[in-house]
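> Below: one structure in structure tokens.
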Amino acid sequence: MKSKPSIKILTGITAFLFFTISCGQNTQATIKKNDMLPKEIKLNPKTTKIIDSIFIFKDGVQKLETVNVFEVKNGLLTHANNKYFVNDTLNLTTNNKFNSNGNSIESKTTLHLKDSYKTFRKELDNHENITLLATEDNGIISYIEYNNIYRNNLLSETSAVSQTSGKTFDKTNFEYDDHGNLVKEKFAESENVYEYNQDNKVTLYKHITKGVVDERIIYHYNNKLLSKMEWYESISPNPMITEYFYNDKNQLISEVQKQFAGKTQYRNYNTDNNWQIKEQYSGGQMDRLTKRTYK
């Protein structure tokens, strides 16, 4: 099991084509909310709906790829719907339901071209971590139980048990510093290690397998804003570098990846400091466009 670090300042939207449950456990003492809402959104309590329409470009022609609709009430998610298109044909639809904290508890994905479906249902503990997962695949149901152990109100250990075979898998141990920051995730044959600065922002992430560092990410900040990310992998001698640029309101306006001539631009910020246009470029050409609207 390999878990990437989560940096709240990053603006990568997750198009939830399938319901993921094996990562992102809430290790902090506070209750997490809106666990599927894009992290960069500064939610206005009056908002009732957020719509992301994502377009791709093929041979210079703009085509609709994804539509994400988040329904919100009193600042919390209630429902979410995802539609994914391939060559203008609806390929799959995912519907998600959320509990009173805005966290996903049920997801049903219908694959229209295969006339099949898959449903995930979760039970959560008081920290909003998963304790039971029921998976229904075209009428066949299986269950996985998650055992969570807490110390000092922080998640110390979690493991999954198949109710079919009784086998334990995906066991993970967590360690923290004096500020409650996660500093280590230990898996069966690997571990993730994190370091932080005085502002409790992560500065280093390392993925270690059998004592060998095979991946590390270095984060640089300027005025407490993420300015550069260096991503090193053992298979490549050169890092992938992403630089971040902001306007005078500290709004992120661009991410630049020089190695691939890649760039992401954010435009049309509203009064709640939320971007409404996201343009992604590769090789100097726009290949992806997201239009985000709030209602």
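Each chain in the structure tokens gets a letter, A, B, ..., in the order shown, and its residues are numbered from 1; ligands are numbered from 1 in order too.
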Pick out the residues sitting within 12 Å of Lys224 of chain A, and hand them over as number ranges by chain; count only C-alpha atoms, and ignore anything fewer than 6 positions along from it in its own chain.

A: 9, 197-203, 246, 250

> Tell me which protein, DNA and RNA residues are within 7 Å of Gln257 of chain A, counting only C-alpha atoms, leaving out same-chain ones fewer than 6 positions away, and put them as a PyMOL selection string.

chain A and resi 241-243+263

> Skip Val213 of chain A itself and residues of its chain fewer than 5 positions away, then list as number ranges by chain all residues within 9 Å of it, counting only C-alpha atoms.

A: 206-208, 233-234

> Can you write just those residues out, all heavy atoms, as a short mmCIF file (atom, residue, chain, number, x, y, z; two decimals), in the first residue's frame?


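Result file is again23.cif:
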```cif
data_model
loop_
_atom_site.label_atom_id
_atom_site.label_comp_id
_atom_site.auth_asym_id
_atom_site.auth_seq_id
_atom_site.Cartn_x
_atom_site.Cartn_y
_atom_site.Cartn_z
N LYS A 206 8.80 10.93 1.97
CA LYS A 206 9.61 9.84 1.43
C LYS A 206 8.82 8.54 1.47
O LYS A 206 8.17 8.23 2.48
CB LYS A 206 10.90 9.66 2.25
CG LYS A 206 11.88 10.80 2.15
CD LYS A 206 13.21 10.49 2.80
CE LYS A 206 13.08 10.29 4.30
NZ LYS A 206 14.41 10.10 4.95
N HIS A 207 8.87 7.79 0.38
CA HIS A 207 8.31 6.44 0.36
C HIS A 207 9.48 5.47 0.36
O HIS A 207 10.36 5.53 -0.52
CB HIS A 207 7.44 6.20 -0.86
CG HIS A 207 6.84 4.83 -0.88
ND1 HIS A 207 5.81 4.46 -0.05
CD2 HIS A 207 7.14 3.74 -1.62
CE1 HIS A 207 5.49 3.20 -0.29
NE2 HIS A 207 6.29 2.74 -1.23
N ILE A 208 9.54 4.60 1.35
CA ILE A 208 10.67 3.70 1.56
C ILE A 208 10.19 2.25 1.47
O ILE A 208 9.23 1.86 2.15
CB ILE A 208 11.32 3.95 2.94
CG1 ILE A 208 11.74 5.43 3.06
CG2 ILE A 208 12.51 3.04 3.16
CD1 ILE A 208 12.19 5.82 4.45
N GLU A 233 12.03 10.20 -8.20
CA GLU A 233 11.72 8.77 -8.22
C GLU A 233 13.00 8.01 -8.56
O GLU A 233 13.85 8.50 -9.32
CB GLU A 233 10.64 8.46 -9.25
CG GLU A 233 9.27 9.00 -8.86
CD GLU A 233 8.19 8.51 -9.82
OE1 GLU A 233 8.24 8.91 -11.00
OE2 GLU A 233 7.31 7.75 -9.39
N SER A 234 13.12 6.81 -8.02
CA SER A 234 14.35 6.03 -8.20
C SER A 234 14.57 5.65 -9.65
O SER A 234 15.71 5.41 -10.07
CB SER A 234 14.30 4.77 -7.33
OG SER A 234 13.16 3.97 -7.68
#
```

> Using only C-alpha atoms, find each residue of segment 108-159 of chain A with at least one atom at most 12 Å away from an atom of segment 64-84 of chain A; report its shortest atom-to-atom pair and that distance in Å (one decimal), sort the rows by chain and rising residue number, and return the result as a tab-separated table.


```
residue	atom	partner	partner_atom	distance
A:Lys108	CA	A:Asn81	CA	9.7
A:Thr109	CA	A:Asn82	CA	9.0
A:Thr110	CA	A:Lys83	CA	9.8
A:Leu111	CA	A:Tyr84	CA	9.8
A:His112	CA	A:Tyr84	CA	10.3
A:Leu113	CA	A:Tyr84	CA	11.7
```

> With a distance cut-off of 6 Å and only C-alpha atoms, select the neighbouring residues of Ser254 of chain A, excluding the residue or stretch itself and same-chain residues fewer than 2 positions from it, and output the selection as a list in words.

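Listed by chain and then number, they are Tyr244, Phe245, Leu252, Thr264 and Gln265 of chain A.
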
> What gap, in Å, lies between atom CA of Gly284 of chain A and atom CA of Phe260 of chain A?

9.4 Å

> Would you mind listing what lies within 9 Å of segment 26-36 of chain A as a ChimeraX atom specification, with only C-alpha atoms counted and same-chain residues fewer than 4 positions away left out?

/A:14,16,75-77,80,98,100-104,126-129,152-156,174,180-182

> Mind dumping the selected residues with C-alpha atoms as an mmCIF file, in the first residue's frame?


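The result, stored in again.cif:
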```cif
data_model
loop_
_atom_site.group_PDB
_atom_site.id
_atom_site.type_symbol
_atom_site.label_atom_id
_atom_site.label_comp_id
_atom_site.auth_asym_id
_atom_site.auth_seq_id
_atom_site.Cartn_x
_atom_site.Cartn_y
_atom_site.Cartn_z
ATOM 1 C CA THR A 14 -10.354 14.510 -8.064
ATOM 2 C CA PHE A 16 -14.305 10.425 -8.494
ATOM 3 C CA GLY A 75 -21.899 23.923 4.129
ATOM 4 C CA LEU A 76 -21.879 20.113 3.933
ATOM 5 C CA LEU A 77 -22.119 17.664 1.052
ATOM 6 C CA ALA A 80 -22.727 13.967 -5.596
ATOM 7 C CA PHE A 98 -23.051 11.442 2.449
ATOM 8 C CA SER A 100 -24.309 14.374 8.503
ATOM 9 C CA ASN A 101 -20.604 15.352 8.408
ATOM 10 C CA GLY A 102 -20.560 15.451 4.622
ATOM 11 C CA ASN A 103 -18.528 12.234 4.331
ATOM 12 C CA SER A 104 -19.288 9.559 1.752
ATOM 13 C CA ASN A 126 -16.773 8.540 15.621
ATOM 14 C CA HIS A 127 -13.609 9.817 13.898
ATOM 15 C CA GLU A 128 -15.211 9.305 10.475
ATOM 16 C CA ASN A 129 -12.873 6.411 9.648
ATOM 17 C CA ASN A 152 -4.320 10.023 22.567
ATOM 18 C CA ASN A 153 -7.274 10.538 20.244
ATOM 19 C CA LEU A 154 -5.093 9.904 17.180
ATOM 20 C CA LEU A 155 -5.333 6.943 14.835
ATOM 21 C CA SER A 156 -2.514 4.587 15.798
ATOM 22 C CA PHE A 174 0.837 5.682 12.335
ATOM 23 C CA GLY A 180 0.075 15.912 16.200
ATOM 24 C CA ASN A 181 1.517 15.911 12.679
ATOM 25 C CA LEU A 182 1.692 12.521 10.980
#
```

> What's around Thr168 of chain A at 12 Å? Count only C-alpha atoms, leave out sequence neighbours fewer than 2 positions away in its own chain, and write the answer as a PyMOL selection string.

chain A and resi 144-147+158-166+170-172+188

> Find the residues around Thr290 of chain A up to 6 Å (only C-alpha atoms counted), leave out those fewer than 6 positions away in its own chain, and share them as a count of residues only.

4

> Any idea what the distance is between atom CA of Val183 of chain A and atom CA of Asp125 of chain A?

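Atom-to-atom, atom CA of Val183 of chain A and atom CA of Asp125 of chain A are spaced 23.1 Å apart.
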
> Of the candidates A:Glu157, A:Ile41, A:Trp231, A:Glu189, which one gets nearest to Gln25 of chain A if we count only C-alpha atoms?

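The closest residue to Gln25 of chain A is A:Glu157.
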
> Quick check for you: according to DSSP on this backbone, which residues of segment 18-267 of chain A are classed as strand (DSSP E)? Reply as a PyMOL selection string.

chain A and resi 49-58+61-73+76-86+89-98+104-111+116-124+130-137+140-151+154-162+168-176+182-186+190-196+202-209+212-222+225-233+240-246+252-257+262-267

> Print the selection's residues with C-alpha atoms to a file, as a short mmCIF file (atom, residue, chain, number, x, y, z; two decimals), in the first residue's frame.


```
data_model
loop_
_atom_site.label_atom_id
_atom_site.label_comp_id
_atom_site.auth_asym_id
_atom_site.auth_seq_id
_atom_site.Cartn_x
_atom_site.Cartn_y
_atom_site.Cartn_z
CA LYS A 49 -24.59 23.21 -5.71
CA ILE A 50 -21.12 23.08 -7.29
CA ILE A 51 -20.77 21.91 -10.89
CA ASP A 52 -17.53 20.98 -12.61
CA SER A 53 -17.76 20.53 -16.38
CA ILE A 54 -14.51 19.07 -17.70
CA PHE A 55 -13.63 19.15 -21.40
CA ILE A 56 -10.79 17.52 -23.32
CA PHE A 57 -9.43 18.45 -26.74
CA LYS A 58 -8.94 15.95 -29.55
CA VAL A 61 -12.07 19.79 -31.05
CA GLN A 62 -13.46 20.36 -27.56
CA LYS A 63 -15.37 17.38 -26.15
CA LEU A 64 -17.19 16.96 -22.85
CA GLU A 65 -15.48 14.33 -20.70
CA THR A 66 -16.79 14.66 -17.15
CA VAL A 67 -19.55 16.43 -15.25
CA ASN A 68 -19.30 16.46 -11.45
CA VAL A 69 -22.26 17.83 -9.50
CA PHE A 70 -21.87 18.36 -5.75
CA GLU A 71 -25.06 19.11 -3.80
CA VAL A 72 -24.50 21.04 -0.58
CA LYS A 73 -26.66 22.04 2.40
CA LEU A 76 -21.88 20.11 3.93
CA LEU A 77 -22.12 17.66 1.05
CA THR A 78 -25.38 15.75 0.76
CA HIS A 79 -25.15 14.12 -2.69
CA ALA A 80 -22.73 13.97 -5.60
CA ASN A 81 -23.17 12.79 -9.16
CA ASN A 82 -20.44 12.04 -11.70
CA LYS A 83 -20.98 11.42 -15.40
CA TYR A 84 -18.05 10.29 -17.55
CA PHE A 85 -18.21 10.41 -21.34
CA VAL A 86 -16.09 8.74 -24.03
CA THR A 89 -21.16 8.72 -25.23
CA LEU A 90 -22.07 8.36 -21.56
CA ASN A 91 -19.76 5.61 -20.28
CA LEU A 92 -20.47 5.53 -16.56
CA THR A 93 -22.41 7.31 -13.84
CA THR A 94 -21.52 7.43 -10.15
CA ASN A 95 -23.91 8.59 -7.43
CA ASN A 96 -22.68 9.24 -3.90
CA LYS A 97 -24.53 9.75 -0.62
CA PHE A 98 -23.05 11.44 2.45
CA SER A 104 -19.29 9.56 1.75
CA ILE A 105 -21.12 6.49 2.99
CA GLU A 106 -22.55 5.04 -0.22
CA SER A 107 -21.55 5.04 -3.87
CA LYS A 108 -23.10 3.33 -6.86
CA THR A 109 -21.35 3.24 -10.23
CA THR A 110 -23.25 2.15 -13.32
CA LEU A 111 -21.21 1.13 -16.37
CA SER A 116 -23.36 -3.56 -14.98
CA TYR A 117 -23.05 -1.79 -11.66
CA LYS A 118 -21.01 -1.73 -8.49
CA THR A 119 -22.11 -0.36 -5.11
CA PHE A 120 -19.98 0.46 -2.05
CA ARG A 121 -21.50 1.10 1.37
CA LYS A 122 -19.45 2.23 4.36
CA GLU A 123 -19.91 2.35 8.09
CA LEU A 124 -17.79 4.94 9.92
CA ILE A 130 -14.22 3.35 7.88
CA THR A 131 -15.13 0.31 9.99
CA LEU A 132 -17.08 -1.78 7.49
CA LEU A 133 -17.20 -1.86 3.71
CA ALA A 134 -19.93 -3.73 1.83
CA THR A 135 -19.29 -4.18 -1.88
CA GLU A 136 -22.07 -5.26 -4.21
CA ASP A 137 -20.96 -6.24 -7.70
CA ILE A 140 -22.86 -10.37 -5.35
CA ILE A 141 -22.04 -8.86 -1.92
CA SER A 142 -18.77 -9.08 0.02
CA TYR A 143 -17.68 -7.46 3.29
CA ILE A 144 -14.43 -6.07 4.66
CA GLU A 145 -14.10 -5.06 8.32
CA TYR A 146 -11.64 -2.35 9.38
CA ASN A 147 -10.17 -2.38 12.87
CA ASN A 148 -9.05 1.07 14.04
CA ILE A 149 -6.98 1.62 17.20
CA TYR A 150 -6.59 5.11 18.70
CA ARG A 151 -4.08 6.49 21.17
CA LEU A 154 -5.09 9.90 17.18
CA LEU A 155 -5.33 6.94 14.83
CA SER A 156 -2.51 4.59 15.80
CA GLU A 157 -3.28 1.47 13.79
CA THR A 158 -5.74 0.27 11.19
CA SER A 159 -6.16 -3.05 9.42
CA ALA A 160 -8.66 -4.68 7.12
CA VAL A 161 -10.14 -8.15 7.58
CA SER A 162 -11.99 -10.05 4.86
CA THR A 168 -6.02 -9.56 7.71
CA PHE A 169 -4.47 -7.23 5.12
CA ASP A 170 -3.58 -3.56 4.61
CA LYS A 171 -2.34 -3.20 8.17
CA THR A 172 -0.98 0.31 8.77
CA ASN A 173 0.65 1.91 11.83
CA PHE A 174 0.84 5.68 12.33
CA GLU A 175 3.32 7.83 14.29
CA TYR A 176 3.10 11.54 15.14
CA LEU A 182 1.69 12.52 10.98
CA VAL A 183 5.39 11.63 10.62
CA LYS A 184 5.26 7.96 9.63
CA GLU A 185 2.90 5.46 8.04
CA LYS A 186 4.19 1.88 8.27
CA SER A 190 7.14 -0.14 3.11
CA GLU A 191 6.60 3.14 4.91
CA ASN A 192 5.88 6.80 4.27
CA VAL A 193 7.86 9.42 6.20
CA TYR A 194 6.99 13.12 6.55
CA GLU A 195 8.85 16.17 7.84
CA TYR A 196 7.36 19.59 8.67
CA VAL A 202 5.00 19.29 5.20
CA THR A 203 8.46 19.89 3.71
CA LEU A 204 9.52 16.34 2.85
CA TYR A 205 7.76 13.12 1.91
CA LYS A 206 9.61 9.84 1.43
CA HIS A 207 8.31 6.44 0.36
CA ILE A 208 10.67 3.70 1.56
CA THR A 209 10.50 0.07 0.49
CA VAL A 212 15.40 1.88 0.19
CA VAL A 213 13.98 5.32 -0.64
CA ASP A 214 12.27 4.90 -4.01
CA GLU A 215 10.36 8.15 -4.00
CA ARG A 216 10.64 11.52 -2.27
CA ILE A 217 8.99 14.90 -2.63
CA ILE A 218 10.48 18.17 -1.36
CA TYR A 219 8.15 21.11 -0.76
CA HIS A 220 9.31 24.75 -0.76
CA TYR A 221 7.30 27.68 0.62
CA ASN A 222 7.39 31.45 0.23
CA LEU A 225 2.51 29.54 0.27
CA LEU A 226 3.72 26.49 -1.62
CA SER A 227 6.19 27.78 -4.24
CA LYS A 228 7.88 24.65 -5.60
CA MET A 229 7.59 20.88 -5.45
CA GLU A 230 10.46 18.56 -6.42
CA TRP A 231 9.40 14.97 -7.05
CA TYR A 232 12.23 12.40 -7.21
CA GLU A 233 11.72 8.77 -8.22
CA MET A 240 9.83 16.43 -11.80
CA ILE A 241 9.57 20.05 -10.69
CA THR A 242 6.36 22.01 -10.34
CA GLU A 243 6.43 25.73 -9.56
CA TYR A 244 3.46 27.65 -8.19
CA PHE A 245 2.64 31.31 -8.85
CA TYR A 246 0.17 33.61 -7.10
CA LEU A 252 -2.96 30.51 -7.13
CA ILE A 253 -2.90 31.51 -10.79
CA SER A 254 -0.56 28.95 -12.37
CA GLU A 255 1.37 25.71 -11.91
CA VAL A 256 4.29 25.13 -14.26
CA GLN A 257 5.98 21.80 -15.07
CA GLY A 262 3.06 21.58 -18.89
CA LYS A 263 1.10 24.37 -17.31
CA THR A 264 -2.14 24.78 -15.40
CA GLN A 265 -3.79 28.18 -15.15
CA TYR A 266 -6.58 29.29 -12.82
CA ARG A 267 -8.87 32.17 -13.75
#
```
